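Pasting start.cif here (mmCIF, C-alpha atoms):
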```cif
data_target
#
loop_
_atom_site.label_atom_id
_atom_site.label_comp_id
_atom_site.auth_asym_id
_atom_site.auth_seq_id
_atom_site.Cartn_x
_atom_site.Cartn_y
_atom_site.Cartn_z
CA MET A 170 27.58 -9.40 67.18
CA THR A 171 26.43 -7.23 64.28
CA VAL A 172 23.15 -5.62 63.49
CA PRO A 173 21.44 -8.10 61.10
CA LEU A 174 19.30 -5.64 59.14
CA TRP A 175 20.34 -2.10 58.49
CA PRO A 176 19.12 0.38 59.45
CA PRO A 177 17.28 -0.44 62.66
CA THR A 178 13.95 1.31 63.06
CA ASN A 179 11.94 2.54 66.03
CA ARG A 180 9.78 -0.57 65.61
CA ASP A 181 12.70 -3.03 65.84
CA SER A 182 13.61 -2.76 69.51
CA ALA A 183 16.16 -5.58 69.52
CA ALA A 184 18.06 -4.11 66.54
CA LEU A 185 18.08 -0.69 68.23
CA ILE A 186 19.54 -2.12 71.43
CA ARG A 187 22.20 -4.06 69.53
CA ALA A 188 23.15 -0.94 67.54
CA TYR A 189 23.60 1.04 70.77
CA GLU A 190 26.09 -1.54 71.99
CA ASP A 191 27.75 -2.78 68.80
CA LEU A 192 27.92 0.37 66.69
CA LEU A 193 27.84 3.25 69.16
CA SER A 194 29.49 1.51 72.16
CA TRP A 195 27.03 3.20 74.52
CA PRO A 196 26.75 1.67 77.97
CA LEU A 197 23.29 0.15 78.53
CA ILE A 198 21.67 0.59 81.91
CA VAL A 199 18.47 -1.02 83.19
CA GLY A 200 17.56 0.10 86.69
CA THR A 201 20.95 0.63 88.30
CA ASP A 202 22.67 -2.23 86.47
CA LEU A 203 25.04 -1.99 83.54
CA VAL A 204 23.87 -4.72 81.16
CA SER A 205 24.76 -6.30 77.82
CA ALA A 206 22.53 -5.85 74.79
CA ASN A 207 21.22 -9.41 75.19
CA ARG A 208 20.29 -8.78 78.82
CA ALA A 209 18.71 -5.43 77.91
CA ILE A 210 16.59 -7.19 75.29
CA GLN A 211 15.41 -9.68 77.92
CA LEU A 212 14.56 -7.01 80.47
CA VAL A 213 13.16 -4.27 78.26
CA ILE A 214 11.41 -6.19 75.49
CA GLU A 215 10.57 -9.62 76.85
CA ARG A 216 9.66 -8.59 80.40
CA GLN A 217 8.43 -5.12 79.42
CA GLY A 218 8.11 -2.29 81.85
CA CYS A 219 11.86 -1.76 82.31
CA THR A 220 13.43 1.41 80.95
CA LEU A 221 16.70 1.45 79.03
CA HIS A 222 19.15 4.28 79.76
CA THR A 223 22.64 5.24 78.73
CA THR A 224 25.17 7.62 80.19
CA CYS A 225 26.05 10.87 78.45
CA SER A 226 29.72 9.93 78.13
CA ALA A 227 29.78 9.77 74.32
CA PHE A 228 27.69 12.94 73.87
CA ASP A 229 26.02 15.82 75.67
CA ALA A 230 22.22 15.60 75.74
CA VAL A 231 20.39 18.91 75.32
CA VAL A 232 16.88 18.43 76.74
CA MET A 233 14.10 20.88 75.92
CA PRO A 234 10.36 21.07 75.30
CA ASP A 235 9.38 19.22 72.13
CA ALA A 236 8.14 22.28 70.22
CA LEU A 237 11.33 24.20 70.95
CA GLY A 238 13.44 21.22 69.89
CA SER A 239 11.50 20.94 66.66
CA ASP A 240 12.09 24.65 65.94
CA VAL A 241 15.82 24.26 66.65
CA LEU A 242 16.12 21.32 64.26
CA VAL A 243 14.28 23.16 61.48
CA LEU A 244 16.36 26.32 61.97
CA ALA A 245 19.61 24.33 62.09
CA ASP A 246 18.68 22.61 58.84
CA ARG A 247 17.82 25.91 57.13
CA ARG A 248 20.67 28.03 58.43
CA ASP A 249 23.78 25.90 58.38
CA VAL A 250 24.39 23.66 55.39
CA ASP A 251 27.70 22.53 56.95
CA LEU A 252 26.06 21.35 60.17
CA ALA A 253 25.56 17.58 60.17
CA PRO A 254 22.09 16.25 61.02
CA ILE A 255 21.65 16.39 64.80
CA PRO A 256 20.59 13.09 66.38
CA ALA A 257 17.29 13.77 68.14
CA LEU A 258 14.99 11.80 70.41
CA ARG A 259 11.38 12.60 71.14
CA TYR A 260 9.87 11.48 74.44
CA GLY A 261 6.21 10.84 75.13
CA THR A 262 6.52 13.33 78.00
CA GLY A 263 6.74 16.25 75.56
CA GLU A 264 10.51 16.60 75.61
CA ARG A 265 13.02 16.46 72.81
CA VAL A 266 16.69 15.55 73.29
CA LEU A 267 19.42 16.67 70.89
CA LEU A 268 22.80 14.92 70.99
CA VAL A 269 25.96 16.99 70.49
CA GLU A 270 29.71 16.49 71.00
CA PRO A 271 30.61 15.57 74.56
CA GLY A 272 31.61 18.51 76.76
CA THR A 273 30.32 21.20 74.36
CA ALA A 274 26.73 21.94 75.47
CA GLN A 275 27.34 23.92 78.67
CA PRO A 276 26.84 27.32 76.92
CA LEU A 277 23.22 26.26 76.27
CA THR A 278 22.26 25.77 79.92
CA GLY A 279 21.30 29.39 80.59
CA LEU A 280 18.44 29.40 78.09
CA ALA A 281 14.86 29.04 79.28
CA GLY A 282 13.57 25.49 79.21
CA VAL A 283 16.94 23.93 78.34
CA ARG A 284 18.70 21.32 80.46
CA VAL A 285 22.02 19.63 79.66
CA GLU A 286 22.95 16.10 80.68
CA SER A 287 26.67 15.48 80.35
CA GLY A 288 29.36 12.99 81.26
CA PRO A 289 29.12 9.63 83.00
CA GLY A 290 26.69 11.03 85.58
CA GLY A 291 24.25 12.23 82.92
CA ARG A 292 21.54 9.81 81.84
CA ILE A 293 18.95 9.66 79.08
CA ALA A 294 16.31 7.08 78.26
CA LEU A 295 16.64 5.30 74.93
CA PRO A 296 14.04 3.76 72.67
CA PRO A 297 12.30 1.38 73.10
CA ALA A 298 11.76 2.96 76.53
CA GLY A 299 8.35 4.42 77.40
CA GLY A 300 7.34 6.50 74.42
CA ALA A 301 10.87 7.42 73.32
CA ARG A 302 11.58 7.39 69.58
CA TRP A 303 14.30 8.60 67.29
CA ASP A 304 13.45 11.54 65.05
CA THR A 305 16.99 11.80 63.66
CA TRP A 306 19.20 8.72 63.91
CA PRO A 307 22.63 8.68 65.61
CA TRP A 308 23.87 6.60 62.65
CA THR A 309 23.79 6.92 58.89
CA PRO A 310 20.83 5.11 57.31
CA ALA A 311 22.90 3.85 54.36
CA GLU A 312 25.50 1.94 56.38
CA PRO A 313 26.31 1.20 60.01
CA THR A 314 28.34 4.31 60.78
CA PRO A 315 27.82 6.73 63.67
CA VAL A 316 27.00 10.28 62.56
CA PRO A 317 29.47 13.01 63.49
CA LEU A 318 28.14 15.10 66.35
CA ALA A 319 27.93 18.89 66.14
CA ASN A 320 29.61 21.12 68.66
CA GLY A 321 26.91 22.18 71.13
CA ALA A 322 28.09 25.79 71.10
CA CYS A 323 27.13 25.99 67.39
CA LEU A 324 23.51 25.61 68.48
CA LEU A 325 23.58 28.67 70.74
CA PRO A 326 22.50 31.27 68.12
CA ILE A 327 19.94 28.87 66.66
CA LEU A 328 18.52 28.09 70.09
CA ARG A 329 18.37 31.80 70.99
CA THR A 330 16.40 32.50 67.81
CA ALA A 331 14.02 29.61 68.50
CA VAL A 332 13.45 30.75 72.10
CA ALA A 333 12.87 34.36 70.99
CA SER A 334 10.37 33.36 68.31
CA ALA A 335 8.45 30.89 70.51
CA PRO A 336 4.92 31.99 71.43
CA ALA A 337 4.67 33.29 75.00
CA GLY A 338 2.72 31.40 77.59
#
```
Can you give me the file's structure in the form of structure tokens?
Amino acid sequence: MTVPLWPPTNRDSAALIRAYEDLLSWPLIVGTDLVSANRAIQLVIERQGCTLHTTCSAFDAVVMPDALGSDVLVLADRRDVDLAPIPALRYGTGERVLLVEPGTAQPLTGLAGVRVESGPGGRIALPPAGGARWDTWPWTPAEPTPVPLANGACLLPILRTAVASAPAG
């Protein structure tokens, strides 16, 4: 199965779910069950109320407060012209999730407000789940190609700067 219209948007839940499976090969999880894209569409869109997750096998997920994540993305864009755009999710809970190369985000765990989900035991919610939306896509908008992921360690100086310049309190 291929994604019929490219690129999928946050408003096209079915196309998003198909892209996760077909393009990115991410495992799709609803509840505790590993499901196909078609089954995920039934459970998440048609029945509503179910949340779609994936494991962090294909990436490390760096979870932080939304404002801090926004600062990191802006600083990364301004500082490093060689750094590819970092796929980023925003959750309705006030968190932002940045996706980096698998197994590379552990150096970021010591920073205030930062949590890393990694490997098959790590989980993140995916849009169209409860308020989640993509800010920066994990694929190129021009054609169905996954974006290259940055090494998580490259974010360490950027994240330190963002944490240091964040308002206290």
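Shortest atom-to-atom contact with Tyr189 (chain A) among A:Leu267, A:Ala257, A:Ser334, A:Leu295: A:Leu295, counting only C-alpha atoms.
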Inset, instruction - Quick one: apply the PyMOL selection byres ((chain A and resi 224) around 6) to the file and drop the selected residues here as an MDAnalysis selection string. - result: chainID A and resid 223 225:226 289 291:292
Inset, instruction - Identify all residues satisfying the PyMOL selection byres ((chain A and resi 205) around 12) in the given file; provide them as number ranges by chain. - result: A: 170, 183, 186-191, 194-199, 202-204, 206-213, 221, 223
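Nearest-residue note for Pro177 (chain A): choosing from A:Leu277, A:Cys323, A:Met233, A:Leu192, the minimum distance belongs to A:Leu192, counting all atoms listed in the file.
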Residues within 12 Å of Gly279 (chain A), only C-alpha atoms, excluding chain neighbours under 4 positions, as a compact mmCIF listing (two decimals) with C-alpha atoms, in the frame of the given file:
```
# COMPACT_ATOMS: atom_id res chain seq x y z
CA VAL A 231 20.39 18.91 75.32
CA ALA A 274 26.73 21.94 75.47
CA GLN A 275 27.34 23.92 78.67
CA VAL A 283 16.94 23.93 78.34
CA ARG A 284 18.70 21.32 80.46
CA VAL A 285 22.02 19.63 79.66
CA LEU A 325 23.58 28.67 70.74
CA LEU A 328 18.52 28.09 70.09
CA ARG A 329 18.37 31.80 70.99
CA VAL A 332 13.45 30.75 72.10
```
Box in all listed atoms of region 287-296 of chain A, axis-aligned, with 3 Å more on each side; write out centre and edge lengths in Å to one decimal as lines of an AutoDock Vina configuration file.
```
center_x = 21.7
center_y = 9.6
center_z = 79.1
size_x = 21.3
size_y = 17.7
size_z = 18.9
```
Legend entry - Residues within 6 Å of (24.9, 25.7, 64.1), counting only C-alpha atoms, listed as an NGL selection string: :A and (245 or 249 or 252 or 323-324)
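Interatomic distance, CA of Leu244 (chain A) to CA of Leu318 (chain A): 16.8 Å.
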Inset, instruction - In Å, rounded to a single decimal, give me how far CA of Thr201 (chain A) is from CA of Ile255 (chain A). - result: 28.3 Å
Inset, instruction - Compare A:Glu270, A:Asp304, A:Asp240, A:Asp229 by their minimum atom-to-atom distance to Ala335 (chain A), counting all atoms listed in the file, and give me the closest one. - result: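 Closest to Ala335 (chain A), using all atoms listed in the file: A:Asp240.
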Inset, instruction - Please indicate the distance in Å from CA of Gln217 (chain A) to CA of Ala184 (chain A), rounded to one decimal place. - result: 16.1 Å
Legend entry - Hits of the PyMOL selection byres ((chain A and resi 264) around 7) in this structure, as a list in words: Val232, Met233, Pro234, Asp235, Arg259, Tyr260, Thr262, Gly263, Arg265 and Val266 of chain A
Inset, instruction - Go through A:Ala253, A:Ala331, A:Pro307, A:His222 and flag the residue nearest Ala281 (chain A), using all atoms listed in the file for the distances. - result: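 Closest to Ala281 (chain A) of all the choices is A:Ala331.
Distance check against Arg302 (chain A) using only C-alpha atoms: of A:Ala230, A:Arg216, A:Pro256, A:Thr278, the minimum falls on A:Pro256.
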